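Have a look at upload37.txt; it's compact mmCIF, C-alpha atoms and all ligand atoms:
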# COMPACT_ATOMS: atom_id res chain seq x y z
CA MET O 2 6.63 33.11 -34.72
CA LYS O 3 5.81 30.87 -37.63
CA MET O 4 6.90 27.90 -35.51
CA LYS O 5 4.63 29.00 -32.67
CA LYS O 6 1.69 29.32 -35.03
CA ARG O 7 2.25 25.79 -36.24
CA LEU O 8 2.41 24.52 -32.67
CA TRP O 9 -0.86 26.22 -31.86
CA LEU O 10 -2.46 24.73 -34.91
CA LEU O 11 -1.21 21.29 -33.92
CA LEU O 12 -2.51 21.79 -30.41
CA LEU O 13 -5.93 22.87 -31.67
CA MET O 14 -6.07 19.89 -34.00
CA LEU O 15 -5.25 17.59 -31.10
CA VAL O 16 -7.91 19.18 -28.91
CA PHE O 17 -10.59 18.88 -31.58
CA SER O 18 -9.62 15.37 -32.51
CA GLY O 19 -10.29 14.56 -28.86
CA GLN O 20 -6.79 13.33 -28.13
CA ILE O 21 -6.05 15.84 -25.39
CA VAL O 22 -9.59 16.12 -24.11
CA ALA O 23 -9.82 12.37 -23.72
CA GLN O 24 -6.45 12.22 -21.95
CA ALA O 25 -6.86 10.71 -18.49
CA VAL O 26 -5.65 12.59 -15.42
CA ILE O 27 -2.10 11.83 -14.41
CA PRO O 28 -2.36 10.00 -11.08
CA ALA O 29 -0.93 11.87 -8.10
CA ALA O 30 2.25 10.22 -6.86
CA TYR O 31 4.44 10.10 -3.77
CA THR O 32 7.74 12.00 -3.56
CA PRO O 33 10.77 9.98 -2.33
CA GLY O 34 11.07 12.13 0.80
CA GLU O 35 7.62 10.94 1.93
CA PHE O 36 8.87 7.45 2.81
CA GLU O 37 11.98 8.74 4.58
CA LYS O 38 9.76 11.02 6.67
CA ARG O 39 7.57 8.04 7.62
CA ARG O 40 10.59 5.90 8.60
CA LEU O 41 11.99 8.68 10.77
CA ALA O 42 8.59 9.13 12.45
CA LEU O 43 8.38 5.39 13.17
CA MET O 44 11.95 5.22 14.49
CA LYS O 45 11.28 8.22 16.73
CA ALA O 46 8.13 6.58 18.12
CA VAL O 47 9.81 3.21 18.71
CA GLY O 48 13.01 4.74 20.05
CA GLN O 49 15.21 1.64 20.47
CA GLY O 50 16.14 -1.80 19.14
CA LEU O 51 15.84 -2.74 15.46
CA ILE O 52 12.69 -2.57 13.35
CA ILE O 53 12.42 -5.32 10.72
CA LEU O 54 9.73 -5.37 8.01
CA PHE O 55 9.25 -7.83 5.16
CA ALA O 56 8.18 -7.22 1.58
CA SER O 57 5.66 -9.49 -0.11
CA PRO O 58 7.44 -12.71 -1.16
CA GLY O 59 6.24 -12.50 -4.72
CA GLN O 60 3.49 -12.58 -7.29
CA THR O 61 0.27 -14.38 -6.46
CA GLY O 62 -2.76 -14.85 -8.66
CA ALA O 63 -3.66 -13.10 -11.87
CA GLY O 64 -3.77 -9.55 -10.52
CA HIS O 65 -0.95 -7.02 -10.71
CA PHE O 66 1.72 -7.37 -8.01
CA ARG O 67 0.88 -5.34 -4.93
CA GLN O 68 3.47 -4.81 -2.21
CA ASP O 69 2.87 -5.66 1.45
CA ASN O 70 1.11 -2.61 2.91
CA ASP O 71 3.43 -1.96 5.86
CA PHE O 72 6.57 -2.50 3.77
CA PHE O 73 5.26 -0.17 1.05
CA TYR O 74 4.30 2.47 3.61
CA PHE O 75 7.92 2.83 4.71
CA THR O 76 9.72 2.32 1.39
CA GLY O 77 7.49 3.00 -1.62
CA CYS O 78 9.47 0.08 -3.06
CA GLU O 79 7.90 -2.76 -5.04
CA ASP O 80 10.80 -5.25 -4.87
CA THR O 81 9.64 -8.75 -3.93
CA ASN O 82 11.15 -10.86 -1.16
CA ALA O 83 12.98 -7.86 0.32
CA VAL O 84 13.56 -6.88 3.96
CA LEU O 85 13.75 -3.40 5.49
CA VAL O 86 15.79 -2.90 8.66
CA MET O 87 15.59 0.38 10.56
CA ASN O 88 17.92 1.33 13.39
CA PRO O 89 16.24 3.96 15.59
CA SER O 90 19.44 4.73 17.51
CA THR O 91 21.16 6.01 14.34
CA GLY O 92 18.13 6.82 12.14
CA ASP O 93 19.56 4.57 9.39
CA SER O 94 17.54 2.31 7.09
CA PHE O 95 18.88 -0.68 5.17
CA LEU O 96 17.22 -2.63 2.40
CA PHE O 97 18.00 -6.29 1.72
CA VAL O 98 17.01 -7.51 -1.72
CA PRO O 99 17.39 -10.88 -3.51
CA GLN O 100 20.21 -11.05 -6.00
CA LYS O 101 18.57 -11.93 -9.31
CA THR O 102 20.07 -14.21 -11.93
CA GLU O 103 20.61 -12.91 -15.46
CA ARG O 104 17.68 -15.02 -16.56
CA GLU O 105 15.38 -13.58 -13.87
CA LYS O 106 16.42 -10.06 -14.85
CA MET O 107 15.66 -10.87 -18.46
CA MET O 108 12.26 -12.36 -17.64
CA GLU O 109 10.95 -9.88 -15.07
CA GLY O 110 13.42 -7.00 -14.87
CA GLY O 111 15.87 -6.18 -12.12
CA ASN O 112 15.33 -4.86 -8.59
CA SER O 113 16.90 -2.16 -6.40
CA LEU O 114 20.17 -4.09 -6.25
CA ASP O 115 20.55 -3.65 -10.02
CA ASP O 116 19.65 0.04 -9.96
CA PRO O 117 22.62 2.31 -9.12
CA GLY O 118 20.25 5.22 -8.33
CA ALA O 119 18.03 3.24 -5.94
CA ARG O 120 19.97 3.90 -2.72
CA ASP O 121 19.75 7.69 -3.11
CA ARG O 122 16.23 7.69 -4.47
CA LEU O 123 14.94 5.52 -1.63
CA ARG O 124 17.11 7.50 0.82
CA LEU O 125 18.63 4.42 2.40
CA ARG O 126 21.94 3.98 4.18
CA ASN O 127 22.61 0.95 2.00
CA ILE O 128 21.13 -1.81 -0.15
CA TYR O 129 22.52 -5.34 0.34
CA PRO O 130 21.77 -8.79 -1.05
CA VAL O 131 19.19 -10.48 1.18
CA SER O 132 21.61 -13.39 1.69
CA TYR O 133 23.62 -10.98 3.90
CA LEU O 134 20.65 -10.28 6.21
CA ASP O 135 21.38 -12.89 8.88
CA GLU O 136 25.01 -11.84 9.17
CA PHE O 137 23.96 -8.18 9.41
CA LEU O 138 21.43 -8.99 12.13
CA ALA O 139 23.87 -11.26 13.97
CA ARG O 140 26.26 -8.31 14.27
CA LEU O 141 23.58 -6.00 15.68
CA ALA O 142 20.96 -8.29 17.21
CA GLY O 143 23.37 -10.63 18.95
CA ARG O 144 24.06 -8.01 21.60
CA GLN O 145 22.53 -8.36 25.04
CA ASP O 146 19.24 -6.63 25.76
CA GLN O 147 18.55 -6.38 22.06
CA VAL O 148 14.94 -5.65 21.14
CA LEU O 149 13.60 -6.66 17.76
CA TYR O 150 10.46 -4.86 16.64
CA LEU O 151 8.62 -7.15 14.22
CA ARG O 152 5.11 -7.26 12.90
CA LEU O 153 3.74 -9.76 15.41
CA SER O 154 0.14 -8.83 14.51
CA PRO O 155 -1.39 -10.11 11.25
CA GLU O 156 -0.73 -8.24 8.01
CA ASP O 157 -3.54 -6.46 6.17
CA SER O 158 -4.04 -6.45 2.41
CA VAL O 159 -5.74 -4.24 -0.15
CA GLY O 160 -9.16 -5.73 0.60
CA GLU O 161 -8.79 -7.15 4.12
CA SER O 162 -8.08 -5.70 7.54
CA ARG O 163 -5.60 -7.20 10.00
CA SER O 164 -8.50 -8.71 11.97
CA GLU O 165 -10.00 -10.21 8.81
CA THR O 166 -6.63 -11.80 7.98
CA ALA O 167 -6.60 -13.32 11.47
CA LEU O 168 -10.19 -14.48 11.12
CA PHE O 169 -9.62 -16.14 7.73
CA LEU O 170 -6.49 -17.86 9.07
CA ALA O 171 -8.47 -19.19 12.03
CA ARG O 172 -11.18 -20.43 9.66
CA ARG O 173 -8.55 -22.17 7.53
CA HIS O 174 -7.36 -23.93 10.71
CA ARG O 175 -10.77 -25.62 11.00
CA ASN O 176 -9.28 -28.10 8.56
CA PRO O 177 -6.11 -29.50 10.23
CA TYR O 178 -4.55 -30.14 6.81
CA ASN O 179 -4.62 -26.40 6.10
CA ALA O 180 -3.46 -25.36 9.56
CA GLN O 181 0.08 -24.21 8.74
CA PRO O 182 1.21 -20.94 10.37
CA SER O 183 1.12 -17.67 8.43
CA LEU O 184 4.35 -16.19 7.02
CA ASN O 185 4.20 -13.63 9.79
CA GLN O 186 4.04 -16.32 12.48
CA PHE O 187 6.76 -18.34 10.77
CA ARG O 188 9.12 -15.33 10.70
CA ALA O 189 8.54 -14.57 14.40
CA GLU O 190 9.33 -18.22 15.17
CA ARG O 191 12.55 -18.06 13.15
CA PHE O 192 13.67 -14.92 15.01
CA ARG O 193 12.97 -16.69 18.32
CA GLN O 194 15.15 -19.59 17.23
CA LEU O 195 18.02 -17.53 15.85
CA TYR O 196 18.05 -14.82 18.52
CA PRO O 197 16.81 -16.45 21.74
CA ALA O 198 18.31 -13.68 23.87
CA ALA O 199 16.56 -10.92 21.95
CA GLN O 200 13.23 -9.58 23.06
CA LEU O 201 10.60 -9.62 20.31
CA LYS O 202 8.12 -6.74 20.37
CA ASP O 203 5.20 -5.88 18.12
CA VAL O 204 5.82 -2.83 15.93
CA THR O 205 2.26 -2.92 14.56
CA PRO O 206 0.63 -0.45 17.01
CA PHE O 207 3.32 2.14 16.14
CA ILE O 208 2.71 1.59 12.41
CA ASP O 209 -1.05 1.81 12.78
CA ALA O 210 -0.87 5.07 14.71
CA LEU O 211 0.96 6.58 11.71
CA ARG O 212 -1.12 4.96 8.97
CA MET O 213 -4.39 6.13 10.58
CA ILE O 214 -3.65 9.78 9.83
CA LYS O 215 -3.24 10.47 6.13
CA THR O 216 -0.42 12.67 4.81
CA GLU O 217 -0.89 15.49 2.30
CA GLU O 218 0.39 13.24 -0.49
CA GLU O 219 -2.00 10.44 0.44
CA ILE O 220 -4.90 12.90 0.61
CA ALA O 221 -4.13 14.12 -2.94
CA ILE O 222 -4.27 10.52 -4.20
CA LEU O 223 -7.43 9.76 -2.21
CA ARG O 224 -9.20 12.83 -3.63
CA GLN O 225 -8.32 11.70 -7.14
CA ASN O 226 -9.39 8.12 -6.43
CA GLY O 227 -12.68 9.41 -5.01
CA LYS O 228 -13.42 11.14 -8.32
CA ILE O 229 -12.33 8.18 -10.46
CA SER O 230 -14.26 5.61 -8.40
CA ALA O 231 -17.38 7.80 -8.36
CA GLU O 232 -17.19 8.14 -12.14
CA ALA O 233 -16.84 4.34 -12.37
CA VAL O 234 -20.02 3.72 -10.35
CA LYS O 235 -21.83 6.35 -12.41
CA LYS O 236 -20.83 4.52 -15.61
CA ALA O 237 -22.13 1.25 -14.08
CA MET O 238 -25.45 2.95 -13.30
CA LEU O 239 -25.70 4.02 -16.93
CA ALA O 240 -24.84 0.46 -18.07
CA SER O 241 -27.69 -1.06 -16.04
CA ARG O 242 -30.99 -1.93 -17.76
CA PRO O 243 -33.63 -4.66 -17.50
CA GLY O 244 -32.04 -7.82 -18.88
CA ALA O 245 -28.43 -6.75 -18.21
CA TYR O 246 -26.10 -9.14 -16.43
CA GLU O 247 -24.49 -7.96 -13.22
CA TYR O 248 -21.01 -8.40 -14.73
CA GLU O 249 -21.79 -5.87 -17.46
CA LEU O 250 -21.98 -3.22 -14.73
CA GLU O 251 -18.71 -4.46 -13.26
CA ALA O 252 -17.08 -4.19 -16.70
CA ALA O 253 -18.26 -0.61 -17.19
CA ALA O 254 -16.88 0.42 -13.78
CA VAL O 255 -13.55 -1.39 -14.04
CA GLU O 256 -12.88 0.22 -17.40
CA VAL O 257 -13.03 3.67 -15.80
CA LEU O 258 -10.51 2.58 -13.14
CA LEU O 259 -8.01 1.14 -15.58
CA ARG O 260 -8.30 4.10 -17.96
CA ASN O 261 -7.44 6.47 -15.12
CA GLY O 262 -4.37 4.79 -13.68
CA CYS O 263 -5.87 2.55 -10.99
CA ARG O 264 -4.30 -0.91 -10.79
CA GLY O 265 -7.81 -2.31 -10.50
CA PRO O 266 -10.54 -2.55 -7.90
CA ALA O 267 -9.59 -2.46 -4.21
CA TYR O 268 -11.75 -5.53 -3.54
CA PRO O 269 -13.91 -7.90 -5.58
CA PRO O 270 -16.66 -5.67 -6.99
CA ILE O 271 -20.09 -6.42 -5.54
CA VAL O 272 -22.89 -6.09 -8.08
CA GLY O 273 -26.02 -7.70 -6.67
CA SER O 274 -29.48 -7.45 -8.17
CA GLY O 275 -32.82 -8.56 -6.73
CA PRO O 276 -32.21 -11.20 -4.01
CA ASN O 277 -28.44 -10.61 -4.26
CA THR O 278 -28.86 -7.10 -2.81
CA CYS O 279 -29.20 -8.85 0.56
CA ILE O 280 -25.93 -10.83 0.38
CA GLN O 281 -23.42 -8.44 1.90
CA HIS O 282 -20.27 -9.88 0.32
CA TYR O 283 -21.88 -11.19 -2.89
CA GLU O 284 -19.36 -11.27 -5.73
CA LYS O 285 -20.56 -13.84 -8.27
CA ASN O 286 -21.98 -10.98 -10.36
CA ASN O 287 -23.54 -13.32 -12.92
CA ARG O 288 -27.29 -12.80 -12.52
CA ARG O 289 -29.59 -11.17 -15.07
CA MET O 290 -31.40 -8.18 -13.56
CA GLU O 291 -35.02 -7.40 -14.22
CA SER O 292 -37.29 -4.39 -14.13
CA GLY O 293 -38.79 -3.75 -10.70
CA GLU O 294 -35.65 -4.97 -8.90
CA LEU O 295 -32.96 -3.00 -7.17
CA VAL O 296 -29.26 -3.36 -7.93
CA LEU O 297 -26.65 -2.75 -5.24
CA MET O 298 -23.08 -2.00 -6.21
CA ASP O 299 -20.16 -1.80 -3.76
CA PHE O 300 -17.07 -0.68 -5.62
CA GLY O 301 -13.80 1.22 -5.26
CA GLY O 302 -10.48 1.60 -7.06
CA ASP O 303 -6.90 1.08 -5.94
CA LEU O 304 -4.89 4.12 -7.00
CA ASN O 305 -1.22 4.31 -5.99
CA TYR O 306 -1.85 2.08 -2.96
CA MET O 307 -4.78 4.20 -1.76
CA THR O 308 -8.21 2.56 -1.86
CA MET O 309 -11.78 3.86 -2.05
CA ASP O 310 -15.15 2.47 -0.97
CA ILE O 311 -18.53 3.42 -2.48
CA THR O 312 -21.93 1.74 -2.43
CA ARG O 313 -24.99 2.83 -4.36
CA THR O 314 -28.36 1.11 -4.72
CA TRP O 315 -30.70 1.97 -7.59
CA PRO O 316 -33.76 0.66 -9.46
CA VAL O 317 -33.04 -1.34 -12.62
CA SER O 318 -36.07 0.21 -14.32
CA GLY O 319 -34.93 3.75 -13.54
CA ARG O 320 -37.78 4.52 -11.11
CA PHE O 321 -37.96 3.47 -7.45
CA THR O 322 -41.24 1.82 -6.36
CA GLU O 323 -42.98 3.46 -3.37
CA GLU O 324 -41.82 0.65 -1.06
CA GLN O 325 -38.20 0.95 -2.26
CA LYS O 326 -38.34 4.75 -1.92
CA LYS O 327 -39.58 4.55 1.66
CA ILE O 328 -36.70 2.36 2.80
CA TYR O 329 -34.12 4.15 0.64
CA ARG O 330 -35.03 7.47 2.29
CA VAL O 331 -34.42 6.04 5.77
CA VAL O 332 -30.95 4.72 4.86
CA LEU O 333 -30.09 7.98 3.09
CA GLU O 334 -31.23 10.16 6.00
CA VAL O 335 -29.22 8.09 8.47
CA GLN O 336 -26.15 8.20 6.22
CA LYS O 337 -26.41 11.97 5.81
CA ALA O 338 -26.88 12.45 9.56
CA CYS O 339 -23.71 10.41 10.21
CA LEU O 340 -21.77 12.66 7.82
CA GLU O 341 -23.17 15.78 9.53
CA ALA O 342 -21.90 14.45 12.86
CA PHE O 343 -18.38 13.66 11.61
CA ARG O 344 -15.72 16.02 12.97
CA PRO O 345 -12.54 15.69 15.06
CA GLY O 346 -13.18 14.46 18.60
CA VAL O 347 -16.32 12.50 17.73
CA THR O 348 -16.84 8.85 18.79
CA SER O 349 -19.24 6.21 17.52
CA ARG O 350 -21.59 6.90 20.42
CA ASP O 351 -21.65 10.65 19.59
CA VAL O 352 -22.68 9.81 16.02
CA GLN O 353 -25.39 7.44 17.20
CA GLU O 354 -26.80 10.06 19.56
CA TYR O 355 -26.79 12.66 16.79
CA VAL O 356 -28.52 10.28 14.37
CA ALA O 357 -31.22 9.40 16.93
CA ARG O 358 -31.89 13.08 17.66
CA LYS O 359 -31.97 14.01 13.98
CA MET O 360 -34.41 11.20 13.08
CA LYS O 361 -36.69 12.25 15.93
CA GLU O 362 -36.61 15.89 14.76
CA LYS O 363 -37.51 14.85 11.21
CA GLY O 364 -40.14 12.38 12.37
CA ILE O 365 -38.40 9.45 10.63
CA ASP O 366 -38.58 5.91 12.00
CA PRO O 367 -34.95 4.73 11.55
CA LEU O 368 -36.12 1.08 11.24
CA GLY O 369 -33.45 -0.03 13.69
CA LEU O 370 -30.59 1.85 12.00
CA ARG O 371 -28.33 3.68 14.44
CA GLY O 372 -25.38 4.84 12.32
CA GLY O 373 -21.85 5.10 13.68
CA LEU O 374 -18.31 5.74 12.51
CA GLY O 375 -17.85 3.02 9.87
CA HIS O 376 -14.34 1.86 9.00
CA LEU O 377 -11.08 3.57 8.11
CA VAL O 378 -9.85 3.54 4.51
CA GLY O 379 -6.27 3.79 3.19
CA LEU O 380 -3.69 1.25 2.00
CA SER O 381 -6.41 -1.27 2.85
CA VAL O 382 -10.10 -0.68 2.23
CA HIS O 383 -10.56 -1.87 5.82
CA ASP O 384 -7.65 0.16 7.07
CA VAL O 385 -5.73 -0.11 10.33
CA GLN O 386 -7.03 1.22 13.60
CA SER O 387 -5.28 1.30 16.96
CA GLY O 388 -7.26 1.77 20.15
CA GLU O 389 -10.81 3.07 20.46
CA LEU O 390 -11.74 5.15 17.45
CA VAL O 391 -12.05 8.90 17.98
CA LEU O 392 -12.16 10.97 14.81
CA GLN O 393 -9.13 13.10 14.03
CA GLU O 394 -8.30 15.46 11.19
CA GLY O 395 -6.67 13.48 8.37
CA MET O 396 -8.55 10.23 8.99
CA VAL O 397 -10.42 8.71 6.05
CA MET O 398 -13.65 6.86 6.84
CA ALA O 399 -16.25 4.92 4.91
CA ILE O 400 -19.76 5.04 6.34
CA GLU O 401 -22.23 2.48 5.02
CA PRO O 402 -25.63 2.17 6.71
CA ALA O 403 -27.82 -0.54 5.19
CA LEU O 404 -31.17 -2.27 5.57
CA TYR O 405 -31.79 -5.80 4.32
CA TYR O 406 -35.16 -7.54 3.84
CA PRO O 407 -34.30 -10.90 2.24
CA GLU O 408 -37.95 -12.01 2.29
CA ARG O 409 -38.70 -9.05 -0.01
CA ASN O 410 -35.47 -9.36 -2.11
CA LEU O 411 -34.75 -5.87 -0.96
CA GLY O 412 -31.39 -4.67 0.32
CA ILE O 413 -30.29 -1.04 0.38
CA ARG O 414 -26.82 0.21 1.29
CA ILE O 415 -25.44 3.70 0.73
CA GLU O 416 -21.74 4.26 1.29
CA ASP O 417 -19.36 7.17 0.87
CA THR O 418 -15.71 7.63 1.77
CA VAL O 419 -14.88 10.88 3.55
CA LEU O 420 -11.86 12.79 4.77
CA ILE O 421 -12.11 14.19 8.30
CA THR O 422 -11.23 17.88 8.11
CA LYS O 423 -10.54 20.55 10.75
CA ASP O 424 -14.23 21.13 11.40
CA GLY O 425 -16.21 18.41 9.64
CA CYS O 426 -15.69 16.12 6.71
CA GLU O 427 -15.14 16.23 2.96
CA VAL O 428 -17.02 13.58 0.97
CA LEU O 429 -14.47 12.19 -1.50
CA THR O 430 -17.07 10.19 -3.44
CA SER O 431 -19.75 12.86 -3.82
CA ALA O 432 -19.66 12.83 -7.65
CA VAL O 433 -21.93 9.80 -7.83
CA PRO O 434 -25.59 10.68 -7.09
CA LYS O 435 -27.38 9.34 -4.02
CA GLU O 436 -30.53 11.51 -3.79
CA ILE O 437 -33.59 9.74 -5.23
CA GLU O 438 -34.31 12.52 -7.77
CA GLU O 439 -30.64 12.67 -8.87
CA ILE O 440 -30.50 8.90 -9.39
CA GLU O 441 -33.73 8.83 -11.38
CA ALA O 442 -32.56 11.80 -13.49
CA LEU O 443 -29.26 10.05 -14.30
CA LEU O 444 -30.97 6.76 -15.13
CA ALA O 445 -33.45 8.58 -17.39
CA LYS O 446 -30.50 9.36 -19.68
CA ARG O 447 -30.08 5.68 -20.53
CA LYS O 448 -31.24 4.54 -23.96
CA PHE O 449 -32.68 1.04 -24.39
MN MN G 1 -17.15 -0.33 3.26

Can you turn what I pasted into structure tokens?
Ligand SMILES: [Mn+2]
Amino acid sequence: MKMKKRLWLLLLMLVFSGQIVAQAVIPAAYTPGEFEKRRLALMKAVGQGLIILFASPGQTGAGHFRQDNDFFYFTGCEDTNAVLVMNPSTGDSFLFVPQKTEREKMMEGGNSLDDPGARDRLRLRNIYPVSYLDEFLARLAGRQDQVLYLRLSPEDSVGESRSETALFLARRHRNPYNAQPSLNQFRAERFRQLYPAAQLKDVTPFIDALRMIKTEEEIAILRQNGKISAEAVKKAMLASRPGAYEYELEAAAVEVLLRNGCRGPAYPPIVGSGPNTCIQHYEKNNRRMESGELVLMDFGGDLNYMTMDITRTWPVSGRFTEEQKKIYRVVLEVQKACLEAFRPGVTSRDVQEYVARKMKEKGIDPLGLRGGLGHLVGLSVHDVQSGELVLQEGMVMAIEPALYYPERNLGIRIEDTVLITKDGCEVLTSAVPKEIEEIEALLAKRKF
């Protein structure tokens, strides 16, 4: 009893000292069975041959390591330079991992090969050194009529879609001295050389069909990320003031992400003021903002490999001018009409028709804005899509209508990320204001 009293006292002291209150939410995580379920679903869909997926070869740049999206989706494993082989005819999965030297283990820690619990935790048939991969494949893939399912389409990344990866590669090829093939293309070529009798097929459409529909565990993470990312943008709004630099807003927002378990932003934060509101992928973020201007922020966190995408536009001074208000209302009405139209079965054309009807009813000139479906969000902020897009329950979409008037230094974009539900959609990023009155009320709380 006495002990309990003491515990209570300690707890109360902690609460009042702010230590528990200030504690960040524990990020939602995946259970090991999730990845096994995904592998079995992929193997069932593919049905034959061998499926071979590659992990990211290693660390690049100053950011935290982030695994290849497709490899992560089927393993949850962050080992670098690894290979996953799935055999649909037996349902077995094998992981091939580099054998690290003692020095490597000391410098960066071990991998799944050094972890006796990894095989059971990852629910694999076996884990082998990656140096054994070719022998393993020669045994299985050397047979006649063997089909190898590889990722023959481009990879996506946290901030870029598969088509963007392809586009950037093509742009790099403008300069013949940068025109080397991608890792993906190189691997396909190596398989063609080593297994000329095998048929190479693209596994990507099967992967994309799965990744497009979010699982319960992904949805839990996305909901949490929606709240964290919304809070981050709200903090940036409060950090804005005449004379502030764009990067000060970025700093305020990134702090909220890092404090709540995100690895960082899902893409380079866009904080554009004045003329920069009209540059859609602006990311210099080094301009001083002034009263009378708008600031546009496009921002989202990366939480447990699930991304988020929000854009808000607000007046630096705290009050919209009449001209800004007029255009803001149009973008907002179109964005809200899109969200009203979102439900399973809906196509881009359906949304456009709904938006046109709604604007007519309300007597609003849409200024050329038509609305639509936007883009899918998930492991990548421009997530995978296979075939023509028709909304389904469990899809996650970002919708971002915008109007740009560079001659007036006036760009307005409003973006939310939503989950398609049984009969509509749930806005995951609703905690950051977008109504004119709400924005002005929030900004009025600033002190400067
Ligand atoms: Mn977007």

Requested in this report: Quick one: everything within 10 Å of stretch 87-91 of chain O, counting only C-alpha atoms, minus sequence neighbours fewer than 6 positions away in the same chain. Send it as a PyMOL selection string.
Outcome: chain O and resi 40-54+75+125-126+141+150

Any chance you can output those residues with C-alpha atoms as a PDB file, in the coordinates of the input?
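That gives us again.pdb:
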ATOM      1  CA  ARG O  40      10.590   5.900   8.600  1.00  0.00           C
ATOM      2  CA  LEU O  41      11.990   8.680  10.770  1.00  0.00           C
ATOM      3  CA  ALA O  42       8.590   9.130  12.450  1.00  0.00           C
ATOM      4  CA  LEU O  43       8.380   5.390  13.170  1.00  0.00           C
ATOM      5  CA  MET O  44      11.950   5.220  14.490  1.00  0.00           C
ATOM      6  CA  LYS O  45      11.280   8.220  16.730  1.00  0.00           C
ATOM      7  CA  ALA O  46       8.130   6.580  18.120  1.00  0.00           C
ATOM      8  CA  VAL O  47       9.810   3.210  18.710  1.00  0.00           C
ATOM      9  CA  GLY O  48      13.010   4.740  20.050  1.00  0.00           C
ATOM     10  CA  GLN O  49      15.210   1.640  20.470  1.00  0.00           C
ATOM     11  CA  GLY O  50      16.140  -1.800  19.140  1.00  0.00           C
ATOM     12  CA  LEU O  51      15.840  -2.740  15.460  1.00  0.00           C
ATOM     13  CA  ILE O  52      12.690  -2.570  13.350  1.00  0.00           C
ATOM     14  CA  ILE O  53      12.420  -5.320  10.720  1.00  0.00           C
ATOM     15  CA  LEU O  54       9.730  -5.370   8.010  1.00  0.00           C
ATOM     16  CA  PHE O  75       7.920   2.830   4.710  1.00  0.00           C
ATOM     17  CA  LEU O 125      18.630   4.420   2.400  1.00  0.00           C
ATOM     18  CA  ARG O 126      21.940   3.980   4.180  1.00  0.00           C
ATOM     19  CA  LEU O 141      23.580  -6.000  15.680  1.00  0.00           C
ATOM     20  CA  TYR O 150      10.460  -4.860  16.640  1.00  0.00           C
TER      21      TYR O 150
END

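The residue set within 8 Å of O:Glu156, counting only C-alpha atoms and dropping same-chain residues fewer than 2 places from it, reads Asp69, Asn70, Asp71, Arg152, Ser154, Ser158, Ser162, Arg163, Thr166 and Asn185 of chain O.
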
Report task. Produce as a PyMOL selection string the set of residues near ligand MN 1 (chain G), where near means within 12 Å with only C-alpha atoms and all ligand atoms considered. Result -> chain O and resi 160-162+267-268+270-271+281-282+298-301+308-313+374-379+381-384+397-403+414-419

Query - Spatial neighbours of O:Tyr74, 10 Å, all atoms listed in the file, chain gap at least 3 places, as a ChimeraX atom specification - result: /O:35-37,39-40,68-71,77-78,208,211-212,306,380

I need the chosen residues saved as a PDB file, keeping the file's coordinate frame, with C-alpha atoms.
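Once written, result18.pdb looks like this:
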ATOM      1  CA  GLU O  35       7.620  10.940   1.930  1.00  0.00           C
ATOM      2  CA  PHE O  36       8.870   7.450   2.810  1.00  0.00           C
ATOM      3  CA  GLU O  37      11.980   8.740   4.580  1.00  0.00           C
ATOM      4  CA  ARG O  39       7.570   8.040   7.620  1.00  0.00           C
ATOM      5  CA  ARG O  40      10.590   5.900   8.600  1.00  0.00           C
ATOM      6  CA  GLN O  68       3.470  -4.810  -2.210  1.00  0.00           C
ATOM      7  CA  ASP O  69       2.870  -5.660   1.450  1.00  0.00           C
ATOM      8  CA  ASN O  70       1.110  -2.610   2.910  1.00  0.00           C
ATOM      9  CA  ASP O  71       3.430  -1.960   5.860  1.00  0.00           C
ATOM     10  CA  GLY O  77       7.490   3.000  -1.620  1.00  0.00           C
ATOM     11  CA  CYS O  78       9.470   0.080  -3.060  1.00  0.00           C
ATOM     12  CA  ILE O 208       2.710   1.590  12.410  1.00  0.00           C
ATOM     13  CA  LEU O 211       0.960   6.580  11.710  1.00  0.00           C
ATOM     14  CA  ARG O 212      -1.120   4.960   8.970  1.00  0.00           C
ATOM     15  CA  TYR O 306      -1.850   2.080  -2.960  1.00  0.00           C
ATOM     16  CA  LEU O 380      -3.690   1.250   2.000  1.00  0.00           C
TER      17      LEU O 380
END

Report task. Point out the residue among O:Leu429, O:Val332, O:Leu392, O:Val204 with the least atom-to-atom distance to O:Ile413, counting all atoms listed in the file. Result ->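 That would be O:Val332, the residue with the smallest distance to O:Ile413.
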
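Remark: for O:Pro367, the closest of the candidate residues O:Gln336, O:Thr322, O:Ser164, O:Asn277 is O:Gln336 (distances computed over all atoms listed in the file).
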
Requested in this report: Give as number ranges by chain every residue, naming chains and numbers as the document does, that has an atom within 6 Å of (-40.7, -3.1, -14.6), counting all atoms listed in the file.
Outcome: O: 292-293, 318

Just the selected residues (C-alpha atoms), exported as a PDB file, in the frame of the given file, please.
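This is the output file again.pdb:
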ATOM      1  CA  SER O 292     -37.290  -4.390 -14.130  1.00  0.00           C
ATOM      2  CA  GLY O 293     -38.790  -3.750 -10.700  1.00  0.00           C
ATOM      3  CA  SER O 318     -36.070   0.210 -14.320  1.00  0.00           C
TER       4      SER O 318
END

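Of note, atom CA of O:Ile421 and atom CA of O:Glu394 are spaced 4.9 Å apart.
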
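Counting all atoms listed in the file and comparing O:Leu340, O:Ala29, O:Ala56, O:Lys359, the residue that lies closest to O:Thr76 is O:Ala56.
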